[in-house]
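Chemist: Take a look at this one; I'll ask things after.
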Number of protein chains: 4
Amino acid sequence: MSLIIADHEFHSRLFTGTGKYASSQAMLASISASGSELTTLALRRIDLKTQSDDLLPPLQQLGVKLLPNTSGARTAAEAIFAARLAREMLQTNWVKLEIHPDPRYLMPDPIETLAAAATLVKEGFVVMPYVHADPVLCKRLEEVGCQCVMPLGAPIGSNQGLASKAFLEIIIEQARVPVIVDAGIGAPSHAAQAMEMGADAVLVNTALASARDPRAMAEAFKLAVQGGRLAFEAGLGGRSQTAVPSSPLTDFVQGLV
Amino acid sequence: MSLIIADHEFHSRLFTGTGKYASSQAMLASISASGSELTTLALRRIDLKTQSDDLLPPLQQLGVKLLPNTSGARTAAEAIFAARLAREMLQTNWVKLEIHPDPRYLMPDPIETLAAAATLVKEGFVVMPYVHADPVLCKRLEEVGCQCVMPLGAPIGSNQGLASKAFLEIIIEQARVPVIVDAGIGAPSHAAQAMEMGADAVLVNTALASARDPRAMAEAFKLAVQGGRLAFEAGLGGRSQTAVPSSPLTDFVQGLV
Amino acid sequence: MSLIIADHEFHSRLFTGTGKYASSQAMLASISASGSELTTLALRRIDLKTQSDDLLPPLQQLGVKLLPNTSGARTAAEAIFAARLAREMLQTNWVKLEIHPDPRYLMPDPIETLAAAATLVKEGFVVMPYVHADPVLCKRLEEVGCQCVMPLGAPIGSNQGLASKAFLEIIIEQARVPVIVDAGIGAPSHAAQAMEMGADAVLVNTALASARDPRAMAEAFKLAVQGGRLAFEAGLGGRSQTAVPSSPLTDFVQGLV
Amino acid sequence: MSLIIADHEFHSRLFTGTGKYASSQAMLASISASGSELTTLALRRIDLKTQSDDLLPPLQQLGVKLLPNTSGARTAAEAIFAARLAREMLQTNWVKLEIHPDPRYLMPDPIETLAAAATLVKEGFVVMPYVHADPVLCKRLEEVGCQCVMPLGAPIGSNQGLASKAFLEIIIEQARVPVIVDAGIGAPSHAAQAMEMGADAVLVNTALASARDPRAMAEAFKLAVQGGRLAFEAGLGGRSQTAVPSSPLTDFVQGLV
């Protein structure tokens with residue numbers, strides 16, 4: 001089964017970002033190799049004044065959907081302003097809502113995010129909010145009409161993996177919109193783990209952009225996300241405290257002697 | 001780069017087992033989907049008396065190398081006996097050495113395993129010892145001529161993942177023979193993690209055999225092992241305690257207003 | 001250094017609760033043994049109609065400060081109502097603010113909690129809010145005048161320990177009011193870990209009430225909290241990836257031979 | 001219940017070491033504050049030639065039992081030699097058996113340790129072997145007559161805590177001699193965790209010696225070990241995946257309105 005967000009069907013469950021790459025070429029090669037069909041883009045990176053922007057055309061050529069984000073916004077008002085601007089510039093009503101007042105840990109603000117989400121939904125936006133892994137907040141975002149929720153795995157860029165695992169499990173169990181784990185995913189095994197838990201997708205940026213070989217790393221994540229999803233669908237067995245032999249433990253040797 | 005053990009080249013780094021499947025058909029479908037080129041087989045499962053054995057021919061048809069194991073052996077003597085018997089029956093000098101005196105947790109015996117390994121190496125066997133994740137023991141097994149080491153990730157069949165992670169890291173750093181993580185790997189994310197750490201291969205059985213859909217689960221592991229290995233080669237970035245923004249955190253909104 | 005909240009000095013950093021005990025006697029014995037100087041009390045447990053309430057007098061005799069909580073409230077309005085009621089009944093302006101709309105996981109609601117906190121602070125309450133381990137939310141609660149924050153370690157009653165560790169660290173680093181880790185602490189080692197990280201106090205209830213011997217368990221937590229705090233003040237060393245010998249690794253034997 | 005090893009009764013379950021301290025004074029103050037009744041001593045530190053040794057008399061004055069260790073030995077022969085020498089010099093037949101051929105990670109050698117243990121037991125030693133957390137090896141050491149086993153929690157000096165937790169649990173369940181967790185314990189919470197799991201004692205050295213205030217840290221560990229043991233005896237409750245309310249979740253507010 002493919003993933004559907006606001007009537008848009010995604011065949012890849014690996015979402016990507018465009019930041020932090022050493023070059024635009026490295027970024028394009030990586031996103032292409034990832035198979036990603038959705039990539040976020042900070043408003044700042046869109047050239048506002050000239051036609052010479054060298055970022056958008058090649059991204060559009062890849063066929064990947066562009067998702068403007070409101071990174072840098074510290075209040076609901078700033079984020080709403082940025083979303084409206086992005087809609088005009090990119091001709092899209094999709095927006096990744098990011099509001100983080102704290103420049104050190106970039107943790108999202110729950111109050112401003114919910115307020116901005118409610119407003120943007122009313123204005124017809126497809127709102128994808130980046131939030132703390134807070135089960136009640138995710139439920140409330142769903143209730144005001146967000147088309148998905150994007151709880152964080154760990155502080156953004158930290159590559160720590162699923163530090164919020166205990167809470168992601170609750171979010172996934174309760175959600176009626178897709179759950180996309182965002183931030184903190186630093187290795188393919190983290191992405192696979194999120195998918196095995198039942199997340200609908202993951203968003204990975206730093207781990208790709210900061211790899212020695214971003215293109216190969218993108219392919220690595222692509223495989224891990226597919227593997228994790230497939231495992232979720234194939235039904236993972238439970239854990240056991242005691243050992244369970246793979247091979248029959250019989251007195252075979254004795255019997256043969 | 002492919003994996004080489006005793007002059008045999010493997011293109012797949014996912015080793016499998018033949019135990020615990022609901023049926024031979026499920027087992028064959030799963031191993032086939034896994035892309036595995038090496039699968040273990042308990043001596044007990046080989047039909048000793050008749051030609052009617054329905055297990056070996058289809059396995060051989062898959063083109064997968066058979067690795068007899070000494071599962072059930074409780075002493076070096078029993079394991080050596082089993083290895084010799086397997087060599088005759090299967091026409092192979094490869095053996096997975098398993099010696100576990102304890103029927104509850106099936107933990108391998110370090111003393112008996114080293115003793116048996118030394119003897120079997122002298123008799124020309126390619127010895128693949130299943131052992132605790134003990135760095136000194138792994139080094140000694142290498143020194144007596146084992147062609148690889150197979151430290152455990154967690155108690156066999158427990159699906160707990162890499163419970164021995166801190167010690168596997170040391171083993172991998174020190175080893176001059178391939179390190180194959182065996183036992184405890186219960187999900188594709190565990191397998192990917194082992195590969196990201198630099199393990200040369202993983203052996204998975206219970207997680208495939210006990211899945212609701214063993215064939216799909218085999219494919220899931222195949223993808224995760226490939227992804228984990230690719231990430232290892234592509235150079236994973238480190239972890240950070242603080243957040244590092246993916247998107248430039250500028251006062252872009254203010255600038256635009 | 002002792003802990004100060006709203007000009008009240010606490011010599012014990014172990015806060016307790018009164019719920020879930022098998023009997024009032026077990027509860028009183030446990031709280032007494034814990035050395036706790038603050039214990040929460042659900043409004044429901046206070047006898048509203050008669051003077052025969054057998055809970056309050058013995059608790060007051062212990063000399064422990066009573067902290068009414070708003071458990072059961074699902075909205076800011078309900079919590080504010082409960083806080084005002086408790087103030088009249090118990091003659092205290094302290095309140096533990098708990099708002100959880102979800103009856104299954106009892107996760108606190110960030111929006112309602114911040115709204116209720118702002119109102120109650122204005123009404124002169126000492127507000128101690130129970131919240132998700134959300135660094136931005138904790139900062140905002142501090143800004144509206146809460147005298148401390150009480151982020152959760154794990155889902156309440158789950159005894160899972162510090163599942164929110166990565167986020168508690170950020171909260172502790174940023175807070176200018178005391179941080180009290182609440183919920184999820186299931187063993188003395190969890191409490192010690194919270195104190196070692198620099199938490200100012202912990203609140204423990206289920207782990208005491210559900211122990212086979214609640215009085216002994218209370219003493220166990222008392223010791224662990226003291227030990228953890230002392231370690232924090234004494235300066236824990238860092239972790240190392242490699243081994244560092246405790247004993248001088250010299251060629252002493254060779255030298256002696 | 002107190003701990004008994006070879007007919008010697010210990011009232012403290014915190015064993016200590018004498019290495020790595022900045023000064024003898026710091027060491028003595030720390031060991032004294034720890035309440036420890038057993039402390040290890042590397043042979044090298046014992047002055048062989050003169051009577052002027054300033055280490056032994058004060059340690060003996062503390063009333064703490066001295067446990068010579070064979071640190072630095074790389075083979076069974078070296079360890080046996082060291083144990084005999086220590087017996088003569090210190091007039092004790094107790095020995096902590098440490099054999100680690102690898103100077104980087106100081107991991108113990110299972111084969112040499114078992115061989116040396118068997119010999120030393122026959123010579124009347126009370127043998128306390130430091131080993132990897134290998135359940136089968138621990139059982140075999142018990143079988144050759146060791147009076148306890150000392151499995152490691154993590155690489156020595158690494159302060160990583162109970163990295164071998166999954167295996168310590170099996171060792172504790174199976175052992176009929178005391179299990180003392182040695183190495184890797186870097187914080188009081190780690191020590192408490194080991195005791196809660198049912199370990200009989202812990203040995204801590206680096207975490208005390210490297211603390212900013214070794215005396216206060218020793219007291220911190222003393223409290224945590226007591227707390228952890230007390231909790232083990234008082235019966236810890238289990239973990240739960242879902243939340244369980246501490247306070248009755250009733251519609252109290254509605255009822256009151």
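Lettering and numbering for the structure tokens are positional, with chains as A, B, ... in the shown order, residues counted from 1 in each chain, and ligands counted from 1 in the shown order.
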Once DSSP has gone over the backbone, tell me which residues of segment 37-256 of chain D are in alpha helix (DSSP H), as JSON, numbers by chain.
Modeler: {"D": [56, 57, 58, 59, 60, 61, 76, 77, 78, 79, 80, 81, 82, 83, 84, 85, 86, 87, 88, 89, 90, 110, 111, 112, 113, 114, 115, 116, 117, 118, 119, 120, 121, 122, 135, 136, 137, 138, 139, 140, 141, 142, 143, 165, 166, 167, 168, 169, 170, 171, 172, 173, 174, 188, 189, 190, 191, 192, 193, 194, 195, 196, 206, 207, 208, 209, 214, 215, 216, 217, 218, 219, 220, 221, 222, 223, 224, 225, 226, 227, 228, 229, 230, 231, 232, 233, 234, 252, 253, 254, 255, 256]}
Chemist: If I take atom CA of Gly157 of chain C and atom CA of Leu55 of chain C, how far is one from the other in Å, to one decimal?
Modeler: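 That distance, rounded to one decimal, is 22.4 Å.
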Chemist: So how far away is atom CA of Leu203 of chain A from atom CA of Val225 of chain A, in Å?
Modeler: 10.5 Å
Chemist: Go through chain C and flag each residue having an atom no more than 9 Å from chain A; for those, report the closest pair of atoms plus their distance in Å to one decimal, using only C-alpha atoms, ordered by chain and rising number, as JSON lines.
Modeler:
```
{"residue": "C:His100", "atom": "CA", "partner": "A:Val136", "partner_atom": "CA", "distance": 8.3}
{"residue": "C:Pro101", "atom": "CA", "partner": "A:Val136", "partner_atom": "CA", "distance": 7.9}
{"residue": "C:Asp102", "atom": "CA", "partner": "A:Val136", "partner_atom": "CA", "distance": 7.7}
{"residue": "C:Tyr105", "atom": "CA", "partner": "A:Ile170", "partner_atom": "CA", "distance": 8.0}
{"residue": "C:Met107", "atom": "CA", "partner": "A:Val136", "partner_atom": "CA", "distance": 6.4}
{"residue": "C:Pro108", "atom": "CA", "partner": "A:Val136", "partner_atom": "CA", "distance": 6.8}
{"residue": "C:Asp109", "atom": "CA", "partner": "A:Val136", "partner_atom": "CA", "distance": 5.6}
{"residue": "C:Pro110", "atom": "CA", "partner": "A:Leu137", "partner_atom": "CA", "distance": 6.9}
{"residue": "C:Ile111", "atom": "CA", "partner": "A:Ile111", "partner_atom": "CA", "distance": 6.1}
{"residue": "C:Leu114", "atom": "CA", "partner": "A:Ile111", "partner_atom": "CA", "distance": 8.5}
{"residue": "C:His132", "atom": "CA", "partner": "A:Asp134", "partner_atom": "CA", "distance": 6.7}
{"residue": "C:Ala133", "atom": "CA", "partner": "A:Asp134", "partner_atom": "CA", "distance": 8.5}
{"residue": "C:Asp134", "atom": "CA", "partner": "A:His132", "partner_atom": "CA", "distance": 6.7}
{"residue": "C:Pro135", "atom": "CA", "partner": "A:Met107", "partner_atom": "CA", "distance": 6.9}
{"residue": "C:Val136", "atom": "CA", "partner": "A:Asp109", "partner_atom": "CA", "distance": 5.6}
{"residue": "C:Leu137", "atom": "CA", "partner": "A:Asp109", "partner_atom": "CA", "distance": 6.8}
{"residue": "C:Ala154", "atom": "CA", "partner": "A:Ala166", "partner_atom": "CA", "distance": 7.5}
{"residue": "C:Pro155", "atom": "CA", "partner": "A:Phe167", "partner_atom": "CA", "distance": 8.2}
{"residue": "C:Ala163", "atom": "CA", "partner": "A:Ala166", "partner_atom": "CA", "distance": 6.4}
{"residue": "C:Ser164", "atom": "CA", "partner": "A:Ser164", "partner_atom": "CA", "distance": 6.4}
{"residue": "C:Lys165", "atom": "CA", "partner": "A:Ala163", "partner_atom": "CA", "distance": 7.8}
{"residue": "C:Ala166", "atom": "CA", "partner": "A:Ala163", "partner_atom": "CA", "distance": 6.4}
{"residue": "C:Phe167", "atom": "CA", "partner": "A:Ala154", "partner_atom": "CA", "distance": 8.2}
{"residue": "C:Ile170", "atom": "CA", "partner": "A:Tyr105", "partner_atom": "CA", "distance": 8.0}
```
Chemist: Tell me, as number ranges by chain, which residues lie within 6 Å of segment 68-80 of chain A, counting only C-alpha atoms; anything in the same chain fewer than 4 positions away does not count.
Modeler: A: 40-42, 95-101, 112, 116; B: 249-250
Chemist: Restricting the output to C-alpha atoms, write the selected residues as a PDB file, in the first residue's frame.
Modeler:
```pdb
ATOM      1  CA  THR A  40      11.641  20.268   1.875  1.00  0.00           C
ATOM      2  CA  LEU A  41      13.031  23.630   0.946  1.00  0.00           C
ATOM      3  CA  ALA A  42      13.678  26.589   3.211  1.00  0.00           C
ATOM      4  CA  VAL A  95       3.754  23.623   3.828  1.00  0.00           C
ATOM      5  CA  LYS A  96       5.973  22.064   6.423  1.00  0.00           C
ATOM      6  CA  LEU A  97       5.242  24.066   9.529  1.00  0.00           C
ATOM      7  CA  GLU A  98       8.316  24.639  11.696  1.00  0.00           C
ATOM      8  CA  ILE A  99       8.320  27.122  14.557  1.00  0.00           C
ATOM      9  CA  HIS A 100      11.291  27.094  16.891  1.00  0.00           C
ATOM     10  CA  PRO A 101      12.005  30.061  19.116  1.00  0.00           C
ATOM     11  CA  GLU A 112       2.501  28.548  18.248  1.00  0.00           C
ATOM     12  CA  ALA A 116      -0.530  28.501  13.060  1.00  0.00           C
TER      13      ALA A 116
ATOM     14  CA  LEU B 249      18.282  29.764  10.370  1.00  0.00           C
ATOM     15  CA  THR B 250      18.231  33.268   9.194  1.00  0.00           C
TER      16      THR B 250
END
```
